[in-house]
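Q: Can you read through this structure? Questions will come right after.
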Amino acid sequence: MASLIASRPRARPAHTQGTTRCAYTPDGTRLVTVGSNNTIRLYKTGFDGEPTNIDDCQEQNLAVAATNDFFIAGSEDGTVSYYALGDINMFDRFLLRTSLPVRDVAISPDSKWCAVASDELTVKLVGIADNTKLLTLKEHGKPTKHLSFNPKGSMLALSCTDGVVYVYSLTAEHPELIRKIDGVIGRMETESEASCRVAWHPDGRAFAVATPTRDIQVISKDDWEKQRSFSSGHDGDITALAWSPNGALLASAAKDKKLLVWSTKDQTVVARYEYPNVIDIAWHPTKNLASFTTSDGEVFICPDLVTEQFASMLLLPKQPAPFIHDPLAEIGANGRRSEAAPKALPSRPRASELDDFDDLMDDDFGGGDDGDGFVVDDDGAGYALNTPRKRTADEELFGQPPSKRGNLFQPELHLSFQPGSTPWRGNRKYLCLNLIGFVWTVDQDSHNTVTVEFYDHEFHRDFHFTDTFLYDKACLNEKGTLFSCPPKGDAPAVVFYRPHETWTQRSDWRIQLPKGEAVLAMSLSDTFITVTTTGNYVRIYTLFGIPYRVYRPKSAPIVTCASWRDYVLTMGNGPVGPDGMCRLLYSIENIKRDEICQNEDTVALPEGATVKSVFFSDNGDPCIYDSTGTLLTLLHWRQPSRASWIPLLDTKLLARLASGRKHESYFPIAVADNKFHCIILKGGDQYPYFPRPLLSEFDFSIPLTSAPKKRKKPKNASQRALLARLELDIDKALLQMLAIECREGGEERGMRALEVVQLMRDRSGRMVEAAGKIAESYFR
């Protein structure tokens, strides 16, 4: 639904025709505009009179960034100027000079650094308080048109003329290029009015950027994948983007003379205006007010830019960025189901309930300072009631006695997860990865498409289907595929089992969970299906969908589960440890025999570590892979209270990492044939992505000692064999020389013959023996 501004704001001729930029100070008291003339204008918010002018400035200012105390402007002559704000608004000093025109400037959130983009091939980071502090970003190697800090100031995004967004990390002493995002923005010249600026969402988890197709694409910061897009709004190249301060709205302008205001939540247009040549937009930090500038040098200050119908959206708290699958929402769905607070039992009111509010909040339990009518029990006879008591040291620290203090400590829980799966990355997700095959899904907005592929196509055929249930978890084995979907609205969670093709008729089945329950994790064995839910239940089904058992484990909330044949392993949160994190407990039970092998035993994890995956090996031994990169297996687990976790491999000690030049992690898949099967992840990734990478395998190596230093081997096996043959040939030549010396030489050549024998390389004695036989043949 589009709307119009009630009274169209007047155009203010602030500058001569050309590039005109604007920026609000963070407190919203001033609007700073710069343009092609040698005047900078300061508009006071709420004042409709003439602005304050700063005439002592450079001409052709192309960029501006402001704080409450100062603002910085960059000009076409390559100067970056610092201007003071306050009682006297004036030019203070030059901050930096570049050899080519400045295109953009940005001030870090802590106001300590200024980033400067120019037509040079490098970007400069200059200290604002001390401009001798200078950092140079040069790994991108192209001119930069726009740059912007993320809300935390830990990253700087550069939009370069080669159509690539370069993201630098600023957390280390020297900035480091951590990502190149190609295929989103188009190639353009630095003088172009079209924008490719990165507009960070206020929550810092994503940014928006204009695309060559005249859409606005949202990119996630965690995986740099495409998320939601604002499309079909503009018919011309987009020239300006700006999020509202709470992230609930997005304003955009384009060469089609349209200025649009979008709703972040559903990417729809809520306001549509006609303004030509808009090239910059700035929202007021707190009010329903926005300002924008044009290439004609005009400034528009628009109160009530968002009409009354949608103005309440600006009053909302900070809104999340528009993800296809919001990670925060997924974490929330995995948490414990909130329970209604129990109703208080009716009781007789206490005396304190009849007092006023001050009495209720009194830390001295009725012992105020008021001396009116107060009896002091100075002789200790006990006739004075409710006498004031001295505050203890504990109360001085927390401000309240223990009976009035709330629970200040919140334990850290292990979050639930599905083994072998990955989170959403863009619109794709792996539901299951193992040695049988893999299951993945693609979000198509109205539905999902699920694909199941196998490694061995002689036994199973791949299949693909349209998923209207929106399955988010899956298990795969040689007998079938198991899916589950979360509850949505009044629709309950569903578990769906699909056996593989056989010579008999295939019998799919679905079962609905009780209303309010969602699946946390599930597993599939040759005989049973195990489902753990948010109701803290473990539900066991046969392969034909018959409920076999349901029980509630002692350790809760449940974290994950795994199964093999008739055995089921469940993990859950236990008591809180000294590090503030709940201990992870596991139980192993034989479902068919109703026997408990291990009951609420502790998973051996280092302090602060978590379990990344849990599974059974091909021999039926439980295995875990933790966040430290260690693979462990459980021995003697069939004997109660005898089980122990034994490390099989520490991936940090792999020989491939010994040089220190490789930085990689490993996504666990399985343990089979006495090897660890995994996917190698590089570039800081934590989960595999598409196209599906190849599986790798590593031999077990129990970490008994630290990795030995790699010694330089002089020769390998083939080189040693070649050296032995050469030494043999040398000894044969020496034997021939010895024969000549014995045949032609007299006694005077005896020492020469002895020296020839000493040059022989054979250590077995056979060559010396042959030399003795030659000497005897010549009577030597």
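Ligands are numbered from 1 in the order shown, chains are lettered A, B, ... in the order of the structure tokens, and residues start at 1 in each chain.
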Do you know which residues are at most 12 Å from Gly127 of chain A counting only C-alpha atoms, after dropping those on the same chain fewer than 4 positions away, and could you put them as a list in words?
A: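 Skipping anything fewer than 4 positions along the chain leaves Tyr82, Leu95, Leu96, Ile107, Ser108, Asp110, Ser111, Lys112, Trp113, Cys114, Ala115, Val116, Asn131, Thr132, Lys133, Leu134, Leu135 and Thr136 of chain A.
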Q: Compile the contact shell of Val164 of chain A as JSON, numbers by chain: residues with an atom at most 8 Å away, counting only C-alpha atoms, same-chain residues fewer than 4 positions apart removed.
A: {"A": [159, 160, 180, 181, 182, 183, 184, 185, 186, 187]}
Q: As a PyMOL selection string, please: every residue in segment 212-296 of chain A that DSSP puts in strand (DSSP E).
A: chain A and resi 216-220+226-230+238-243+249-254+258-263+268-274+278-283+289-294
Q: Could you take the residues named above and write them with N, CA and C atoms, as a short mmCIF file (atom, residue, chain, number, x, y, z; two decimals), in the first residue's frame?
A:
```
data_model
loop_
_atom_site.label_atom_id
_atom_site.label_comp_id
_atom_site.auth_asym_id
_atom_site.auth_seq_id
_atom_site.Cartn_x
_atom_site.Cartn_y
_atom_site.Cartn_z
N ILE A 216 16.94 -4.63 -4.29
CA ILE A 216 17.76 -4.41 -3.09
C ILE A 216 17.93 -5.77 -2.42
N GLN A 217 19.17 -6.23 -2.35
CA GLN A 217 19.47 -7.56 -1.83
C GLN A 217 20.05 -7.47 -0.42
N VAL A 218 19.55 -8.33 0.47
CA VAL A 218 20.06 -8.42 1.83
C VAL A 218 21.06 -9.57 1.90
N ILE A 219 22.23 -9.31 2.49
CA ILE A 219 23.31 -10.30 2.60
C ILE A 219 23.59 -10.53 4.09
N SER A 220 23.67 -11.80 4.49
CA SER A 220 23.96 -12.15 5.88
C SER A 220 25.44 -11.97 6.18
N LYS A 226 22.88 -14.72 0.26
CA LYS A 226 21.74 -13.87 -0.03
C LYS A 226 20.55 -14.25 0.85
N GLN A 227 19.87 -13.25 1.37
CA GLN A 227 18.67 -13.47 2.17
C GLN A 227 17.47 -12.87 1.41
N ARG A 228 16.59 -12.18 2.11
CA ARG A 228 15.43 -11.60 1.44
C ARG A 228 15.86 -10.46 0.52
N SER A 229 14.99 -10.12 -0.42
CA SER A 229 15.27 -9.00 -1.33
C SER A 229 14.03 -8.12 -1.45
N PHE A 230 14.28 -6.84 -1.68
CA PHE A 230 13.22 -5.86 -1.92
C PHE A 230 13.18 -5.66 -3.44
N ILE A 238 19.19 2.36 -8.77
CA ILE A 238 19.01 2.85 -7.41
C ILE A 238 20.17 3.78 -7.06
N THR A 239 19.84 4.93 -6.46
CA THR A 239 20.85 5.94 -6.16
C THR A 239 21.08 6.16 -4.66
N ALA A 240 20.17 5.68 -3.80
CA ALA A 240 20.33 5.91 -2.35
C ALA A 240 19.57 4.85 -1.59
N LEU A 241 20.13 4.46 -0.43
CA LEU A 241 19.52 3.49 0.49
C LEU A 241 19.75 3.97 1.91
N ALA A 242 18.77 3.74 2.79
CA ALA A 242 18.97 4.07 4.21
C ALA A 242 17.94 3.32 5.04
N TRP A 243 18.41 2.63 6.10
CA TRP A 243 17.53 1.97 7.06
C TRP A 243 17.04 3.00 8.08
N LEU A 249 12.10 -0.07 8.75
CA LEU A 249 11.79 0.48 7.43
C LEU A 249 13.08 0.69 6.65
N LEU A 250 12.93 0.68 5.34
CA LEU A 250 14.06 0.95 4.44
C LEU A 250 13.60 1.96 3.40
N ALA A 251 14.35 3.04 3.26
CA ALA A 251 14.05 4.06 2.25
C ALA A 251 15.01 3.90 1.08
N SER A 252 14.49 4.05 -0.13
CA SER A 252 15.32 3.93 -1.33
C SER A 252 14.86 4.95 -2.36
N ALA A 253 15.80 5.40 -3.18
CA ALA A 253 15.52 6.32 -4.26
C ALA A 253 16.25 5.84 -5.51
N ALA A 254 15.69 6.20 -6.68
CA ALA A 254 16.27 5.72 -7.93
C ALA A 254 16.09 6.77 -9.02
N LYS A 258 11.41 7.91 -8.23
CA LYS A 258 10.63 7.37 -7.12
C LYS A 258 11.46 7.35 -5.85
N LEU A 259 10.81 7.73 -4.76
CA LEU A 259 11.37 7.54 -3.43
C LEU A 259 10.41 6.61 -2.69
N LEU A 260 10.89 5.42 -2.31
CA LEU A 260 10.04 4.39 -1.71
C LEU A 260 10.44 4.15 -0.27
N VAL A 261 9.45 3.82 0.54
CA VAL A 261 9.68 3.37 1.91
C VAL A 261 9.14 1.95 2.02
N TRP A 262 10.01 1.01 2.38
CA TRP A 262 9.68 -0.41 2.42
C TRP A 262 9.52 -0.86 3.87
N SER A 263 8.67 -1.86 4.05
CA SER A 263 8.57 -2.56 5.34
C SER A 263 9.60 -3.68 5.36
N THR A 268 7.49 -5.07 1.55
CA THR A 268 6.46 -4.41 0.74
C THR A 268 6.62 -2.89 0.86
N VAL A 269 6.12 -2.18 -0.15
CA VAL A 269 6.20 -0.73 -0.16
C VAL A 269 5.06 -0.15 0.65
N VAL A 270 5.39 0.69 1.64
CA VAL A 270 4.36 1.31 2.48
C VAL A 270 4.21 2.80 2.17
N ALA A 271 5.12 3.36 1.40
CA ALA A 271 4.99 4.76 1.00
C ALA A 271 5.72 4.96 -0.32
N ARG A 272 5.12 5.80 -1.19
CA ARG A 272 5.68 6.02 -2.51
C ARG A 272 5.58 7.51 -2.84
N TYR A 273 6.73 8.12 -3.21
CA TYR A 273 6.75 9.55 -3.50
C TYR A 273 7.46 9.80 -4.82
N GLU A 274 7.20 10.97 -5.37
CA GLU A 274 7.82 11.38 -6.63
C GLU A 274 8.82 12.50 -6.36
N VAL A 278 17.18 12.20 -6.64
CA VAL A 278 17.61 12.00 -5.25
C VAL A 278 18.85 11.13 -5.22
N ILE A 279 19.91 11.56 -4.50
CA ILE A 279 21.15 10.78 -4.46
C ILE A 279 21.61 10.47 -3.04
N ASP A 280 20.91 10.99 -2.02
CA ASP A 280 21.31 10.69 -0.64
C ASP A 280 20.10 10.84 0.26
N ILE A 281 19.99 9.91 1.25
CA ILE A 281 18.87 9.90 2.20
C ILE A 281 19.44 9.74 3.60
N ALA A 282 18.86 10.50 4.56
CA ALA A 282 19.28 10.39 5.97
C ALA A 282 18.03 10.41 6.84
N TRP A 283 17.91 9.42 7.73
CA TRP A 283 16.82 9.36 8.71
C TRP A 283 17.23 10.12 9.97
N LEU A 289 11.09 11.61 10.72
CA LEU A 289 11.65 12.70 9.93
C LEU A 289 12.80 12.14 9.10
N ALA A 290 12.84 12.51 7.86
CA ALA A 290 13.93 12.11 6.97
C ALA A 290 14.26 13.27 6.05
N SER A 291 15.52 13.32 5.64
CA SER A 291 15.96 14.36 4.72
C SER A 291 16.69 13.70 3.57
N PHE A 292 16.61 14.35 2.40
CA PHE A 292 17.32 13.80 1.25
C PHE A 292 17.78 14.95 0.37
N THR A 293 18.82 14.67 -0.39
CA THR A 293 19.42 15.67 -1.27
C THR A 293 19.37 15.17 -2.70
N THR A 294 19.47 16.13 -3.65
CA THR A 294 19.41 15.80 -5.07
C THR A 294 20.66 16.28 -5.77
#
```
Q: Do a neighbour search on segment 452-462 of chain A at 8 Å with only C-alpha atoms, toss out local chain neighbours closer than 6 positions, and write the hits as a PDB file with N, CA, C and O atoms, in the first residue's frame.
A:
```
ATOM      1  N   LEU A 435      27.342 -41.657   5.560  1.00  0.00           N
ATOM      2  CA  LEU A 435      28.007 -42.474   4.547  1.00  0.00           C
ATOM      3  C   LEU A 435      27.037 -43.129   3.591  1.00  0.00           C
ATOM      4  O   LEU A 435      27.449 -43.679   2.562  1.00  0.00           O
ATOM      5  N   ILE A 436      25.746 -43.125   3.904  1.00  0.00           N
ATOM      6  CA  ILE A 436      24.755 -43.682   2.982  1.00  0.00           C
ATOM      7  C   ILE A 436      24.472 -42.690   1.859  1.00  0.00           C
ATOM      8  O   ILE A 436      24.360 -43.050   0.692  1.00  0.00           O
ATOM      9  N   GLY A 437      24.332 -41.421   2.210  1.00  0.00           N
ATOM     10  CA  GLY A 437      24.035 -40.374   1.239  1.00  0.00           C
ATOM     11  C   GLY A 437      23.809 -39.060   1.950  1.00  0.00           C
ATOM     12  O   GLY A 437      24.304 -38.836   3.062  1.00  0.00           O
ATOM     13  N   PHE A 438      23.040 -38.204   1.326  1.00  0.00           N
ATOM     14  CA  PHE A 438      22.775 -36.899   1.926  1.00  0.00           C
ATOM     15  C   PHE A 438      21.404 -36.416   1.489  1.00  0.00           C
ATOM     16  O   PHE A 438      20.907 -36.741   0.404  1.00  0.00           O
ATOM     17  N   VAL A 439      20.799 -35.613   2.379  1.00  0.00           N
ATOM     18  CA  VAL A 439      19.477 -35.048   2.147  1.00  0.00           C
ATOM     19  C   VAL A 439      19.605 -33.539   2.267  1.00  0.00           C
ATOM     20  O   VAL A 439      20.146 -33.031   3.250  1.00  0.00           O
ATOM     21  N   TRP A 440      19.095 -32.802   1.279  1.00  0.00           N
ATOM     22  CA  TRP A 440      19.160 -31.352   1.340  1.00  0.00           C
ATOM     23  C   TRP A 440      17.860 -30.757   0.824  1.00  0.00           C
ATOM     24  O   TRP A 440      17.117 -31.390   0.082  1.00  0.00           O
ATOM     25  N   HIS A 500      12.736 -47.052   1.508  1.00  0.00           N
ATOM     26  CA  HIS A 500      13.261 -47.057   0.151  1.00  0.00           C
ATOM     27  C   HIS A 500      12.481 -48.032  -0.714  1.00  0.00           C
ATOM     28  O   HIS A 500      11.759 -48.895  -0.220  1.00  0.00           O
ATOM     29  N   GLU A 501      12.647 -47.904  -2.017  1.00  0.00           N
ATOM     30  CA  GLU A 501      11.941 -48.766  -2.965  1.00  0.00           C
ATOM     31  C   GLU A 501      12.328 -50.230  -2.744  1.00  0.00           C
ATOM     32  O   GLU A 501      13.499 -50.571  -2.604  1.00  0.00           O
TER      33      GLU A 501
END
```
Q: Considering only C-alpha atoms, can you say which of A:Asp673, A:Glu478, A:Asp579, A:Glu59 comes closest to Asp77 of chain A?
A: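 Closest candidate: A:Glu59.
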Q: Closest to Arg30 of chain A among A:Leu726, A:Ile324, A:Leu85, A:Ala73, using only C-alpha atoms?
A: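 Nearest candidate to Arg30 of chain A out of A:Leu726, A:Ile324, A:Leu85, A:Ala73: A:Leu85.
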Q: When you look at segment 37-50 of chain A with a cut-off of 8 Å (counting only C-alpha atoms), what residues show up, excluding the ones that are within fewer than 4 positions of it in the same chain? I need them as a PyMOL selection string.
A: chain A and resi 14-16+28-33+54-61
Q: Please provide the set of residues having any atom within 10 Å of segment 309-316 of chain A, restricted to only C-alpha atoms, with same-chain residues fewer than 3 positions apart removed, written as a list of chain:residue names.
A: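 Once the adjacent positions are removed, what remains is A:Ser3, A:Ser244, A:Pro245, A:Asn246, A:Gly247, A:Ala248, A:Leu249, A:Ser263, A:Val270, A:Ala271, A:Thr286, A:Lys287, A:Asn288, A:Asp304, A:Leu305, A:Val306, A:Gln319.
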Q: Find the residues near Arg10 of chain A: any atom within 12 Å, counting only C-alpha atoms, skip ones fewer than 2 places away on the same chain, and give them as number ranges by chain.
A: A: 5, 7-8, 12-14, 48, 275, 291-292, 298-303
Q: What is the distance, in Å and to one decimal place, between atom CA of Ala739 of chain A and atom CA of Ala724 of chain A?
A: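 Result for atom CA of Ala739 of chain A versus atom CA of Ala724 of chain A: 22.9 Å, one decimal.
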Q: What does the structure give for the distance between atom CA of Tyr548 of chain A and atom CA of Arg642 of chain A, in Å to one decimal?
A: 28.3 Å
Q: Nearest to Val126 of chain A among A:Ser81, A:Ser36, A:Gln410, A:Thr25, with distances taken over only C-alpha atoms: which residue is it?
A: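 The answer is A:Ser81, which sits nearest to Val126 of chain A.
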